[in-house]
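One file, query20.pdb, is given below (PDB, C-alpha atoms and all ligand atoms).
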ATOM      1  CA  MET A 121      75.958 108.273  74.169
ATOM      2  CA  THR A 122      75.903 104.521  73.665
ATOM      3  CA  ALA A 123      76.071 101.578  76.038
ATOM      4  CA  SER A 124      79.804 101.426  75.341
ATOM      5  CA  ALA A 125      80.249 104.421  77.664
ATOM      6  CA  PHE A 126      79.516 101.967  80.489
ATOM      7  CA  ASP A 127      81.858  99.283  79.175
ATOM      8  CA  LEU A 128      84.661  98.406  81.590
ATOM      9  CA  SER A 129      86.420  95.818  79.429
ATOM     10  CA  GLY A 130      90.162  95.923  80.020
ATOM     11  CA  ARG A 131      89.827  98.030  83.183
ATOM     12  CA  VAL A 132      91.192  96.894  86.540
ATOM     13  CA  ALA A 133      89.302  97.645  89.751
ATOM     14  CA  ILE A 134      90.459  97.290  93.340
ATOM     15  CA  VAL A 135      87.499  96.826  95.696
ATOM     16  CA  THR A 136      88.398  96.996  99.376
ATOM     17  CA  GLY A 137      86.017  94.929 101.476
ATOM     18  CA  GLY A 138      84.859  93.344  98.223
ATOM     19  CA  ASN A 139      84.340  89.875  99.680
ATOM     20  CA  GLY A 140      80.761  90.441 100.849
ATOM     21  CA  GLY A 141      77.970  92.918 101.400
ATOM     22  CA  ILE A 142      77.907  96.178  99.452
ATOM     23  CA  GLY A 143      81.485  95.685  98.221
ATOM     24  CA  LEU A 144      80.652  92.385  96.560
ATOM     25  CA  GLY A 145      77.466  93.913  95.157
ATOM     26  CA  MET A 146      79.596  96.576  93.454
ATOM     27  CA  ALA A 147      82.251  94.042  92.400
ATOM     28  CA  ARG A 148      79.569  91.939  90.699
ATOM     29  CA  GLY A 149      78.409  94.982  88.726
ATOM     30  CA  LEU A 150      81.928  96.007  87.717
ATOM     31  CA  ALA A 151      82.749  92.431  86.704
ATOM     32  CA  ALA A 152      79.576  92.133  84.630
ATOM     33  CA  ALA A 153      80.604  95.330  82.819
ATOM     34  CA  GLY A 154      83.947  93.729  81.940
ATOM     35  CA  ALA A 155      86.357  94.833  84.671
ATOM     36  CA  THR A 156      89.002  92.673  86.292
ATOM     37  CA  ILE A 157      88.390  92.661  90.044
ATOM     38  CA  VAL A 158      90.975  92.695  92.826
ATOM     39  CA  ILE A 159      89.330  91.973  96.151
ATOM     40  CA  ALA A 160      91.247  93.495  99.063
ATOM     41  CA  ALA A 161      90.090  92.289 102.468
ATOM     42  CA  ARG A 162      91.245  90.214 105.456
ATOM     43  CA  ASN A 163      89.038  87.111 105.537
ATOM     44  CA  ALA A 164      90.597  84.638 103.089
ATOM     45  CA  ASP A 165      87.703  82.156 103.040
ATOM     46  CA  LYS A 166      85.111  84.805 102.214
ATOM     47  CA  SER A 167      87.416  86.445  99.683
ATOM     48  CA  ASN A 168      88.264  83.180  97.909
ATOM     49  CA  ALA A 169      84.545  82.362  97.719
ATOM     50  CA  ALA A 170      83.869  85.782  96.167
ATOM     51  CA  VAL A 171      86.692  85.313  93.667
ATOM     52  CA  ALA A 172      85.323  81.855  92.772
ATOM     53  CA  GLU A 173      81.859  83.325  92.212
ATOM     54  CA  LEU A 174      83.141  86.169  90.020
ATOM     55  CA  THR A 175      85.387  83.826  88.064
ATOM     56  CA  LYS A 176      82.509  81.405  87.513
ATOM     57  CA  SER A 177      80.492  84.259  86.018
ATOM     58  CA  GLY A 178      83.283  84.790  83.472
ATOM     59  CA  ALA A 179      85.210  87.640  85.085
ATOM     60  CA  ALA A 180      88.882  87.825  85.952
ATOM     61  CA  ALA A 181      89.219  88.171  89.720
ATOM     62  CA  ARG A 182      91.941  87.899  92.318
ATOM     63  CA  PHE A 183      92.178  88.153  96.113
ATOM     64  CA  ILE A 184      95.007  90.099  97.729
ATOM     65  CA  ALA A 185      94.944  89.844 101.525
ATOM     66  CA  THR A 186      94.865  93.389 102.862
ATOM     67  CA  ASP A 187      94.181  95.103 106.162
ATOM     68  CA  VAL A 188      93.242  98.633 105.090
ATOM     69  CA  THR A 189      94.389 100.080 108.410
ATOM     70  CA  ASP A 190      97.949  99.071 107.487
ATOM     71  CA  GLU A 191      99.570 101.596 105.153
ATOM     72  CA  ASN A 192     102.235  99.103 104.059
ATOM     73  CA  ALA A 193      99.562  96.552 103.183
ATOM     74  CA  LEU A 194      97.852  99.126 100.950
ATOM     75  CA  LYS A 195     101.169  99.841  99.219
ATOM     76  CA  SER A 196     101.722  96.097  98.713
ATOM     77  CA  LEU A 197      98.181  95.804  97.346
ATOM     78  CA  THR A 198      98.726  98.423  94.671
ATOM     79  CA  ASP A 199     102.239  97.161  93.861
ATOM     80  CA  ALA A 200     100.959  93.590  93.443
ATOM     81  CA  THR A 201      98.006  94.743  91.326
ATOM     82  CA  LEU A 202     100.262  96.749  89.033
ATOM     83  CA  LYS A 203     102.741  93.897  88.798
ATOM     84  CA  GLU A 204     100.070  91.376  87.829
ATOM     85  CA  PHE A 205      97.713  93.491  85.715
ATOM     86  CA  GLY A 206      99.807  96.512  84.743
ATOM     87  CA  ARG A 207      97.148  99.099  85.585
ATOM     88  CA  ILE A 208      94.661 100.343  88.182
ATOM     89  CA  ASP A 209      91.705 102.175  86.634
ATOM     90  CA  ILE A 210      89.211 102.037  89.483
ATOM     91  CA  LEU A 211      89.484 102.156  93.266
ATOM     92  CA  VAL A 212      86.400 101.342  95.305
ATOM     93  CA  ALA A 213      87.287 102.260  98.899
ATOM     94  CA  ASN A 214      84.471 100.353 100.548
ATOM     95  CA  ALA A 215      85.937  98.557 103.588
ATOM     96  CA  GLY A 216      84.246  99.738 106.741
ATOM     97  CA  THR A 217      83.459  98.959 110.333
ATOM     98  CA  THR A 218      81.516 100.410 113.223
ATOM     99  CA  VAL A 219      81.439 100.486 117.013
ATOM    100  CA  ARG A 220      77.981 101.082 118.413
ATOM    101  CA  LYS A 221      78.531 103.064 121.598
ATOM    102  CA  PRO A 222      77.295 106.558 122.540
ATOM    103  CA  PRO A 223      79.791 109.423 122.730
ATOM    104  CA  GLN A 224      79.997 109.371 126.541
ATOM    105  CA  VAL A 225      81.443 105.856 126.620
ATOM    106  CA  ILE A 226      83.281 105.162 123.361
ATOM    107  CA  SER A 227      87.005 104.758 124.071
ATOM    108  CA  ALA A 228      89.842 106.419 122.194
ATOM    109  CA  ALA A 229      90.953 102.999 120.934
ATOM    110  CA  GLU A 230      87.475 102.261 119.543
ATOM    111  CA  TRP A 231      87.322 105.725 117.978
ATOM    112  CA  HIS A 232      90.653 105.143 116.238
ATOM    113  CA  ILE A 233      89.633 101.712 114.884
ATOM    114  CA  VAL A 234      86.596 103.216 113.183
ATOM    115  CA  ILE A 235      88.344 106.355 111.913
ATOM    116  CA  ASP A 236      91.354 104.372 110.677
ATOM    117  CA  THR A 237      89.250 101.730 108.916
ATOM    118  CA  ASN A 238      86.669 104.023 107.325
ATOM    119  CA  LEU A 239      88.388 107.368 106.779
ATOM    120  CA  THR A 240      92.183 107.188 106.982
ATOM    121  CA  SER A 241      92.284 104.064 104.817
ATOM    122  CA  THR A 242      90.337 105.893 102.113
ATOM    123  CA  LEU A 243      92.972 108.614 101.921
ATOM    124  CA  LEU A 244      95.856 106.129 102.033
ATOM    125  CA  ALA A 245      94.348 103.880  99.351
ATOM    126  CA  ALA A 246      93.704 106.917  97.136
ATOM    127  CA  GLN A 247      97.304 108.041  97.636
ATOM    128  CA  CYS A 248      98.527 104.569  96.632
ATOM    129  CA  VAL A 249      96.561 104.448  93.352
ATOM    130  CA  TYR A 250      97.125 108.079  92.391
ATOM    131  CA  PRO A 251     100.535 107.738  90.657
ATOM    132  CA  ALA A 252      99.280 104.946  88.348
ATOM    133  CA  MET A 253      96.071 106.815  87.546
ATOM    134  CA  LYS A 254      97.896 110.076  86.901
ATOM    135  CA  ALA A 255     100.385 108.328  84.619
ATOM    136  CA  ALA A 256      97.555 106.625  82.725
ATOM    137  CA  GLY A 257      95.698 109.922  82.281
ATOM    138  CA  HIS A 258      92.466 108.700  83.850
ATOM    139  CA  GLY A 259      91.066 107.146  87.004
ATOM    140  CA  LYS A 260      87.911 106.586  89.022
ATOM    141  CA  ILE A 261      87.720 106.641  92.806
ATOM    142  CA  ILE A 262      84.512 105.557  94.490
ATOM    143  CA  THR A 263      84.179 106.031  98.230
ATOM    144  CA  ILE A 264      81.429 104.932 100.593
ATOM    145  CA  GLY A 265      79.697 107.291 102.978
ATOM    146  CA  SER A 266      76.430 106.640 104.785
ATOM    147  CA  MET A 267      73.233 108.310 105.885
ATOM    148  CA  MET A 268      75.457 109.182 108.855
ATOM    149  CA  SER A 269      77.430 111.392 106.463
ATOM    150  CA  LEU A 270      74.284 113.565 106.543
ATOM    151  CA  PHE A 271      72.679 112.907 109.923
ATOM    152  CA  GLY A 272      73.993 112.560 113.448
ATOM    153  CA  ALA A 273      74.079 109.150 115.101
ATOM    154  CA  SER A 274      73.655 109.202 118.884
ATOM    155  CA  TYR A 275      74.799 105.561 119.086
ATOM    156  CA  SER A 276      77.741 105.715 116.636
ATOM    157  CA  PRO A 277      79.697 108.971 116.901
ATOM    158  CA  ALA A 278      82.934 107.605 115.443
ATOM    159  CA  TYR A 279      81.102 106.057 112.506
ATOM    160  CA  ALA A 280      79.229 109.305 111.772
ATOM    161  CA  ALA A 281      82.437 111.340 112.075
ATOM    162  CA  SER A 282      84.265 108.950 109.747
ATOM    163  CA  LYS A 283      81.514 108.964 107.142
ATOM    164  CA  GLY A 284      81.109 112.739 107.247
ATOM    165  CA  GLY A 285      84.861 112.904 106.756
ATOM    166  CA  VAL A 286      84.746 110.518 103.790
ATOM    167  CA  VAL A 287      82.443 112.921 101.929
ATOM    168  CA  GLN A 288      84.736 115.895 102.529
ATOM    169  CA  LEU A 289      87.801 113.832 101.669
ATOM    170  CA  THR A 290      86.143 112.730  98.426
ATOM    171  CA  ARG A 291      85.338 116.324  97.515
ATOM    172  CA  SER A 292      88.963 117.228  98.195
ATOM    173  CA  LEU A 293      90.271 114.397  96.000
ATOM    174  CA  ALA A 294      87.842 115.530  93.287
ATOM    175  CA  CYS A 295      89.101 119.127  93.426
ATOM    176  CA  ALA A 296      92.764 118.144  93.551
ATOM    177  CA  TRP A 297      92.776 115.496  90.871
ATOM    178  CA  ALA A 298      90.223 116.702  88.297
ATOM    179  CA  GLN A 299      93.166 118.168  86.367
ATOM    180  CA  ASP A 300      94.541 114.624  86.091
ATOM    181  CA  ASN A 301      91.208 113.352  84.702
ATOM    182  CA  ILE A 302      90.601 111.415  87.909
ATOM    183  CA  GLN A 303      87.016 111.543  89.190
ATOM    184  CA  ALA A 304      86.190 110.878  92.847
ATOM    185  CA  ASN A 305      82.624 110.339  93.992
ATOM    186  CA  CYS A 306      80.981 109.057  97.153
ATOM    187  CA  ILE A 307      78.028 106.678  97.416
ATOM    188  CA  LEU A 308      75.788 107.175 100.456
ATOM    189  CA  PRO A 309      73.970 103.899 101.172
ATOM    190  CA  GLY A 310      70.751 103.912 103.154
ATOM    191  CA  TRP A 311      69.940 100.903 105.304
ATOM    192  CA  ILE A 312      71.234  97.874 103.417
ATOM    193  CA  ASP A 313      70.815  94.229 104.374
ATOM    194  CA  THR A 314      74.397  93.058 105.042
ATOM    195  CA  GLU A 315      76.371  91.419 107.859
ATOM    196  CA  MET A 316      76.987  94.869 109.337
ATOM    197  CA  THR A 317      73.299  95.709 109.687
ATOM    198  CA  GLN A 318      72.299  92.171 110.602
ATOM    199  CA  GLY A 319      74.433  92.741 113.706
ATOM    200  CA  ALA A 320      72.722  96.078 114.322
ATOM    201  CA  ARG A 321      69.297  94.503 113.995
ATOM    202  CA  GLN A 322      70.193  92.023 116.696
ATOM    203  CA  GLN A 323      71.507  94.759 118.988
ATOM    204  CA  VAL A 324      68.860  97.441 118.426
ATOM    205  CA  GLU A 325      65.290  96.426 119.169
ATOM    206  CA  GLY A 326      62.726  97.643 116.647
ATOM    207  CA  LEU A 327      65.367  98.695 114.101
ATOM    208  CA  HIS A 328      63.864  96.632 111.290
ATOM    209  CA  GLU A 329      60.428  98.237 111.670
ATOM    210  CA  ARG A 330      61.901 101.750 112.034
ATOM    211  CA  VAL A 331      63.948 101.365 108.851
ATOM    212  CA  LEU A 332      60.907 100.241 106.861
ATOM    213  CA  LYS A 333      58.797 103.113 108.221
ATOM    214  CA  ARG A 334      61.497 105.736 107.542
ATOM    215  CA  THR A 335      62.370 104.494 104.017
ATOM    216  CA  PRO A 336      59.919 105.632 101.300
ATOM    217  CA  ALA A 337      60.741 102.554  99.205
ATOM    218  CA  ASN A 338      59.534 100.530 102.218
ATOM    219  CA  ARG A 339      62.315  97.986 102.042
ATOM    220  CA  TRP A 340      65.911  97.437 103.039
ATOM    221  CA  GLY A 341      68.451  97.972 100.313
ATOM    222  CA  GLU A 342      70.057  94.911  98.805
ATOM    223  CA  THR A 343      73.639  94.494  97.719
ATOM    224  CA  ARG A 344      72.524  94.276  94.079
ATOM    225  CA  ASP A 345      71.247  97.864  94.379
ATOM    226  CA  PHE A 346      74.917  98.958  94.191
ATOM    227  CA  ALA A 347      75.907  97.297  90.922
ATOM    228  CA  GLY A 348      74.541 100.015  88.633
ATOM    229  CA  ILE A 349      75.844 103.040  90.517
ATOM    230  CA  ALA A 350      79.283 101.417  90.724
ATOM    231  CA  VAL A 351      79.377 100.816  86.973
ATOM    232  CA  PHE A 352      78.252 104.381  86.270
ATOM    233  CA  LEU A 353      80.843 105.944  88.570
ATOM    234  CA  ALA A 354      83.602 103.639  87.288
ATOM    235  CA  SER A 355      82.903 104.226  83.598
ATOM    236  CA  ASN A 356      83.380 106.987  81.044
ATOM    237  CA  ALA A 357      79.645 107.707  81.390
ATOM    238  CA  SER A 358      80.519 109.699  84.541
ATOM    239  CA  ASP A 359      83.566 111.583  83.236
ATOM    240  CA  PHE A 360      82.073 115.013  84.120
ATOM    241  CA  VAL A 361      80.735 113.859  87.496
ATOM    242  CA  THR A 362      83.169 114.458  90.336
ATOM    243  CA  GLY A 363      82.937 115.356  94.018
ATOM    244  CA  ALA A 364      79.335 114.156  94.198
ATOM    245  CA  ALA A 365      77.799 112.389  97.190
ATOM    246  CA  ILE A 366      75.009 110.234  95.806
ATOM    247  CA  PRO A 367      72.424 108.597  98.076
ATOM    248  CA  VAL A 368      71.396 105.031  97.226
ATOM    249  CA  ASP A 369      68.799 104.847  99.940
ATOM    250  CA  GLY A 370      65.268 104.235  98.675
ATOM    251  CA  GLY A 371      64.506 107.884  99.491
ATOM    252  CA  TYR A 372      65.604 107.766 103.148
ATOM    253  CA  SER A 373      67.558 111.035 102.957
ATOM    254  CA  VAL A 374      64.707 113.032 101.400
ATOM    255  CA  MET A 375      61.969 111.800 103.737
ATOM    256  CA  ALA A 376      60.752 114.584 106.036
TER     257      ALA A 376
HETATM  258  P1  LIG B 401      80.033  94.167 105.713
HETATM  259  O1  LIG B 401      80.305  94.005 107.157
HETATM  260  O2  LIG B 401      79.238  93.147 104.981
HETATM  261  O3  LIG B 401      81.399  94.378 104.907
HETATM  262  C1  LIG B 401      82.457  95.091 105.427
HETATM  263  C2  LIG B 401      83.658  94.785 104.552
HETATM  264  O4  LIG B 401      84.764  95.553 104.981
HETATM  265  C3  LIG B 401      84.048  93.329 104.606
HETATM  266  O5  LIG B 401      84.313  92.888 103.308
HETATM  267  C4  LIG B 401      85.317  93.324 105.444
HETATM  268  O6  LIG B 401      86.167  92.282 105.018
HETATM  269  C5  LIG B 401      85.880  94.689 105.089
HETATM  270  N1  LIG B 401      86.767  95.227 106.116
HETATM  271  C6  LIG B 401      86.456  95.642 107.359
HETATM  272  N2  LIG B 401      87.560  96.044 108.005
HETATM  273  C7  LIG B 401      88.594  95.864 107.159
HETATM  274  C8  LIG B 401      89.996  96.065 107.237
HETATM  275  N3  LIG B 401      90.574  96.548 108.341
HETATM  276  N4  LIG B 401      90.749  95.773 106.167
HETATM  277  C9  LIG B 401      90.197  95.285 105.034
HETATM  278  N5  LIG B 401      88.881  95.080 104.893
HETATM  279  C10 LIG B 401      88.096  95.352 105.947
HETATM  280  O7  LIG B 401      79.356  95.585 105.614
HETATM  281  P2  LIG B 401      78.660  96.394 104.449
HETATM  282  O8  LIG B 401      78.745  95.698 103.165
HETATM  283  O9  LIG B 401      77.360  96.793 104.987
HETATM  284  O10 LIG B 401      79.598  97.684 104.432
HETATM  285  C11 LIG B 401      80.352  98.092 103.315
HETATM  286  C12 LIG B 401      80.536  99.588 103.381
HETATM  287  O11 LIG B 401      79.255 100.211 103.284
HETATM  288  C13 LIG B 401      81.153 100.073 104.682
HETATM  289  O12 LIG B 401      82.010 101.172 104.430
HETATM  290  C14 LIG B 401      79.937 100.554 105.466
HETATM  291  O13 LIG B 401      80.280 101.512 106.429
HETATM  292  C15 LIG B 401      79.103 101.115 104.345
HETATM  293  N6  LIG B 401      77.694 101.287 104.665
HETATM  294  C16 LIG B 401      76.884 100.217 104.936
HETATM  295  C17 LIG B 401      75.534 100.427 105.194
HETATM  296  C18 LIG B 401      74.567  99.315 105.432
HETATM  297  O14 LIG B 401      73.384  99.589 105.728
HETATM  298  N7  LIG B 401      74.966  98.054 105.328
HETATM  299  C19 LIG B 401      74.961 101.775 105.231
HETATM  300  C20 LIG B 401      75.911 102.822 104.950
HETATM  301  C21 LIG B 401      77.212 102.573 104.671
HETATM  302  P3  LIG B 401      87.136  91.442 106.010
HETATM  303  O15 LIG B 401      86.428  91.310 107.315
HETATM  304  O16 LIG B 401      87.376  90.182 105.285
HETATM  305  O17 LIG B 401      88.386  92.278 106.118
END
As a first step, turn the structure in this file into structure tokens.
Amino acid sequence: MTASAFDLSGRVAIVTGGNGGIGLGMARGLAAAGATIVIAARNADKSNAAVAELTKSGAAARFIATDVTDENALKSLTDATLKEFGRIDILVANAGTTVRKPPQVISAAEWHIVIDTNLTSTLLAAQCVYPAMKAAGHGKIITIGSMMSLFGASYSPAYAASKGGVVQLTRSLACAWAQDNIQANCILPGWIDTEMTQGARQQVEGLHERVLKRTPANRWGETRDFAGIAVFLASNASDFVTGAAIPVDGGYSVMA
């Protein structure tokens, strides 16, 4: 094994929600390893800024406006990526959202927004990239779960259901597509300092202190903590790793 097993030169990666937070943290890692990055998200200003940053660092990067809850938009995303770059080697299905409401009050509409954004979009994006990956004889799919893939969340039932589902979906993709040399693995972030959790910290009193106390590493995760795991799971170094759900959580999930 040499460092070249982690080399992503010539590979093309789609990163949904890659314009900020954990997605951009992974995109930075993939770009540094040599991959071309396609950022798929809705906010054009944030996405163009992310593309500018990646390009400045020497990577090839491109923004394709995409709402992951729209199946046609996902098809257009993969069509446009194939047209421009001729290949899709890596899909990072990272886009996500949450609605913080307990099960007795969350509405069906709110439930569907979270399930569609976090879970259904992961299946649909995987379906869109599958033909190109199968034809190429290799592919890497990285999905994003959560500590709520493992634990219940009294304040976020739709989010927990979606993230539990993402793990089982990933295992199913892994089983179905291993014969095509496509690996699918799920990253389970702990509490990471991003826009999503900054909102939670404002809404939930004492959250910051509770996260520090509950996390053995005694800190919030940072977006740069996701660069290495993304490169590993996107590269040949992980060719015999599939269907795994890997915590990146400072020990949160193993703390009694
Ligand atoms: P952010 O809020 O910073 O990022 C969310 C990203 O998802 C944005 O880039 C946003 O882009 C994109 N997104 C949301 N909805 C859509 C949509 N309908 N179509 C396309 N893109 C969309 O959050 P994080 O970086 O924290 O979250 C990234 C992932 O990590 C999510 O799946 C989240 O559930 C997961 N996660 C986060 C944890 C944390 O502690 N931060 C813990 C566990 C999991 P735009 O608005 O431009 O569309």
For this session: Name every residue that the PyMOL selection byres (((chain A and resi 246) around 10) and not hetatm) selects in this structure, writing the answer as number ranges by chain with chains first and numbers rising.
Result: A: 194, 211-213, 240-245, 247-251, 253, 260-263, 290, 293, 304
For this session: Return as an MDAnalysis selection string the residues of protein, DNA or RNA that approach ligand LIG 401 (chain B) to within 8 Å, with only C-alpha atoms and all ligand atoms taken into account.
Result: chainID A and resid 136:144 160:164 166:167 186:190 213:218 237:238 264:268 279 283 308:317 341 343
For this session: Step by step: start from the point (79.0, 110.9, 113.8) in the file's coordinates, keep every protein, DNA or RNA residue that has an atom no farther than 12 Å from it, count all atoms listed in the file, and write the set as number ranges by chain.
Result: A: 218-223, 226, 231, 234-235, 265-286
Assuming the chain letters and numbering stay as they are in my file, what does the PyMOL selection byres (((chain A and resi 359-361) around 10) and not hetatm) actually select? List them as a PDB file with C-alpha atoms, in the coordinates of the input.
ATOM      1  CA  ALA A 125      80.249 104.421  77.664  1.00  0.00           C
ATOM      2  CA  HIS A 258      92.466 108.700  83.850  1.00  0.00           C
ATOM      3  CA  GLY A 259      91.066 107.146  87.004  1.00  0.00           C
ATOM      4  CA  LYS A 260      87.911 106.586  89.022  1.00  0.00           C
ATOM      5  CA  ALA A 294      87.842 115.530  93.287  1.00  0.00           C
ATOM      6  CA  ALA A 298      90.223 116.702  88.297  1.00  0.00           C
ATOM      7  CA  ASN A 301      91.208 113.352  84.702  1.00  0.00           C
ATOM      8  CA  ILE A 302      90.601 111.415  87.909  1.00  0.00           C
ATOM      9  CA  GLN A 303      87.016 111.543  89.190  1.00  0.00           C
ATOM     10  CA  ALA A 304      86.190 110.878  92.847  1.00  0.00           C
ATOM     11  CA  ASN A 305      82.624 110.339  93.992  1.00  0.00           C
ATOM     12  CA  PHE A 352      78.252 104.381  86.270  1.00  0.00           C
ATOM     13  CA  LEU A 353      80.843 105.944  88.570  1.00  0.00           C
ATOM     14  CA  ALA A 354      83.602 103.639  87.288  1.00  0.00           C
ATOM     15  CA  SER A 355      82.903 104.226  83.598  1.00  0.00           C
ATOM     16  CA  ASN A 356      83.380 106.987  81.044  1.00  0.00           C
ATOM     17  CA  ALA A 357      79.645 107.707  81.390  1.00  0.00           C
ATOM     18  CA  SER A 358      80.519 109.699  84.541  1.00  0.00           C
ATOM     19  CA  THR A 362      83.169 114.458  90.336  1.00  0.00           C
ATOM     20  CA  GLY A 363      82.937 115.356  94.018  1.00  0.00           C
ATOM     21  CA  ALA A 364      79.335 114.156  94.198  1.00  0.00           C
TER      22      ALA A 364
END
Exercise. In Å, with one decimal, what is the gap from atom CA of Asp236 of chain A to atom CA of Val135 of chain A?
Worked result: 17.2 Å
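Nearest residue to Gly154 of chain A, choosing from A:Ser373, A:Leu239, A:Val351, A:Leu289 and counting all atoms listed in the file: A:Val351.
Picture a line from atom CA of Val171 of chain A to atom CA of Ile159 of chain A; it runs 7.6 Å.
Of the listed residues A:Glu230, A:Asp300, A:Asp369, A:Asp165, the one whose atoms come nearest to Gly257 of chain A is A:Asp300, with distances taken using all atoms listed in the file.
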For this session: Would you list the contacts of Val331 of chain A as JSON, numbers by chain, taking every protein, DNA or RNA residue within 9 Å and counting all atoms listed in the file, but skipping same-chain residues closer than 5 positions in sequence?
Result: {"A": [311, 326, 338, 339, 340, 372]}
Exercise. What is the distance, in Å and to one decimal place, between atom CA of Gln288 of chain A and atom CA of Ile307 of chain A?
Worked result: 12.5 Å
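Applied to the shown file, the PyMOL selection byres (((chain A and resi 177) around 12) and not hetatm) selects the residues Ala147, Arg148, Gly149, Leu150, Ala151, Ala152, Ala153, Gly154, Thr156, Ala170, Val171, Ala172, Glu173, Leu174, Thr175, Lys176, Gly178, Ala179, Ala180 and Ala181 of chain A.
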Exercise. Between A:Gln318, A:Arg131, A:Asn168, A:Cys306, which is the closest to Ala256 of chain A once you count only C-alpha atoms?
Worked result: A:Arg131
How would segment 344-357 of chain A read, as a PDB file, in the coordinates of the input, once N, CA, C and O atoms are built in?
ATOM      1  N   ARG A 344      72.616  94.089  95.542  1.00  0.00           N
ATOM      2  CA  ARG A 344      72.524  94.276  94.079  1.00  0.00           C
ATOM      3  C   ARG A 344      72.134  95.709  93.716  1.00  0.00           C
ATOM      4  O   ARG A 344      72.312  96.130  92.576  1.00  0.00           O
ATOM      5  N   ASP A 345      71.603  96.460  94.661  1.00  0.00           N
ATOM      6  CA  ASP A 345      71.247  97.864  94.379  1.00  0.00           C
ATOM      7  C   ASP A 345      72.486  98.721  94.093  1.00  0.00           C
ATOM      8  O   ASP A 345      72.353  99.876  93.674  1.00  0.00           O
ATOM      9  N   PHE A 346      73.687  98.165  94.353  1.00  0.00           N
ATOM     10  CA  PHE A 346      74.917  98.958  94.191  1.00  0.00           C
ATOM     11  C   PHE A 346      75.687  98.648  92.914  1.00  0.00           C
ATOM     12  O   PHE A 346      76.685  99.312  92.621  1.00  0.00           O
ATOM     13  N   ALA A 347      75.196  97.678  92.153  1.00  0.00           N
ATOM     14  CA  ALA A 347      75.907  97.297  90.922  1.00  0.00           C
ATOM     15  C   ALA A 347      75.871  98.442  89.903  1.00  0.00           C
ATOM     16  O   ALA A 347      76.898  98.823  89.330  1.00  0.00           O
ATOM     17  N   GLY A 348      74.698  99.004  89.684  1.00  0.00           N
ATOM     18  CA  GLY A 348      74.541 100.015  88.633  1.00  0.00           C
ATOM     19  C   GLY A 348      75.280 101.307  88.929  1.00  0.00           C
ATOM     20  O   GLY A 348      75.969 101.861  88.060  1.00  0.00           O
ATOM     21  N   ILE A 349      75.171 101.777  90.160  1.00  0.00           N
ATOM     22  CA  ILE A 349      75.844 103.040  90.517  1.00  0.00           C
ATOM     23  C   ILE A 349      77.363 102.857  90.435  1.00  0.00           C
ATOM     24  O   ILE A 349      78.092 103.763  90.012  1.00  0.00           O
ATOM     25  N   ALA A 350      77.835 101.657  90.801  1.00  0.00           N
ATOM     26  CA  ALA A 350      79.283 101.417  90.724  1.00  0.00           C
ATOM     27  C   ALA A 350      79.749 101.454  89.279  1.00  0.00           C
ATOM     28  O   ALA A 350      80.783 102.063  88.963  1.00  0.00           O
ATOM     29  N   VAL A 351      78.996 100.820  88.390  1.00  0.00           N
ATOM     30  CA  VAL A 351      79.377 100.816  86.973  1.00  0.00           C
ATOM     31  C   VAL A 351      79.369 102.242  86.426  1.00  0.00           C
ATOM     32  O   VAL A 351      80.306 102.667  85.737  1.00  0.00           O
ATOM     33  N   PHE A 352      78.328 102.990  86.745  1.00  0.00           N
ATOM     34  CA  PHE A 352      78.252 104.381  86.270  1.00  0.00           C
ATOM     35  C   PHE A 352      79.469 105.179  86.731  1.00  0.00           C
ATOM     36  O   PHE A 352      80.159 105.824  85.931  1.00  0.00           O
ATOM     37  N   LEU A 353      79.755 105.117  88.029  1.00  0.00           N
ATOM     38  CA  LEU A 353      80.843 105.944  88.570  1.00  0.00           C
ATOM     39  C   LEU A 353      82.229 105.441  88.163  1.00  0.00           C
ATOM     40  O   LEU A 353      83.205 106.182  88.264  1.00  0.00           O
ATOM     41  N   ALA A 354      82.308 104.191  87.713  1.00  0.00           N
ATOM     42  CA  ALA A 354      83.602 103.639  87.288  1.00  0.00           C
ATOM     43  C   ALA A 354      83.841 103.812  85.792  1.00  0.00           C
ATOM     44  O   ALA A 354      84.941 103.544  85.313  1.00  0.00           O
ATOM     45  N   SER A 355      82.827 104.247  85.071  1.00  0.00           N
ATOM     46  CA  SER A 355      82.903 104.226  83.598  1.00  0.00           C
ATOM     47  C   SER A 355      83.033 105.637  83.024  1.00  0.00           C
ATOM     48  O   SER A 355      82.849 106.646  83.722  1.00  0.00           O
ATOM     49  N   ASN A 356      83.281 105.692  81.729  1.00  0.00           N
ATOM     50  CA  ASN A 356      83.380 106.987  81.044  1.00  0.00           C
ATOM     51  C   ASN A 356      82.056 107.748  81.064  1.00  0.00           C
ATOM     52  O   ASN A 356      82.034 108.960  80.835  1.00  0.00           O
ATOM     53  N   ALA A 357      80.950 107.043  81.330  1.00  0.00           N
ATOM     54  CA  ALA A 357      79.645 107.707  81.390  1.00  0.00           C
ATOM     55  C   ALA A 357      79.620 108.800  82.457  1.00  0.00           C
ATOM     56  O   ALA A 357      78.801 109.727  82.387  1.00  0.00           O
TER      57      ALA A 357
END
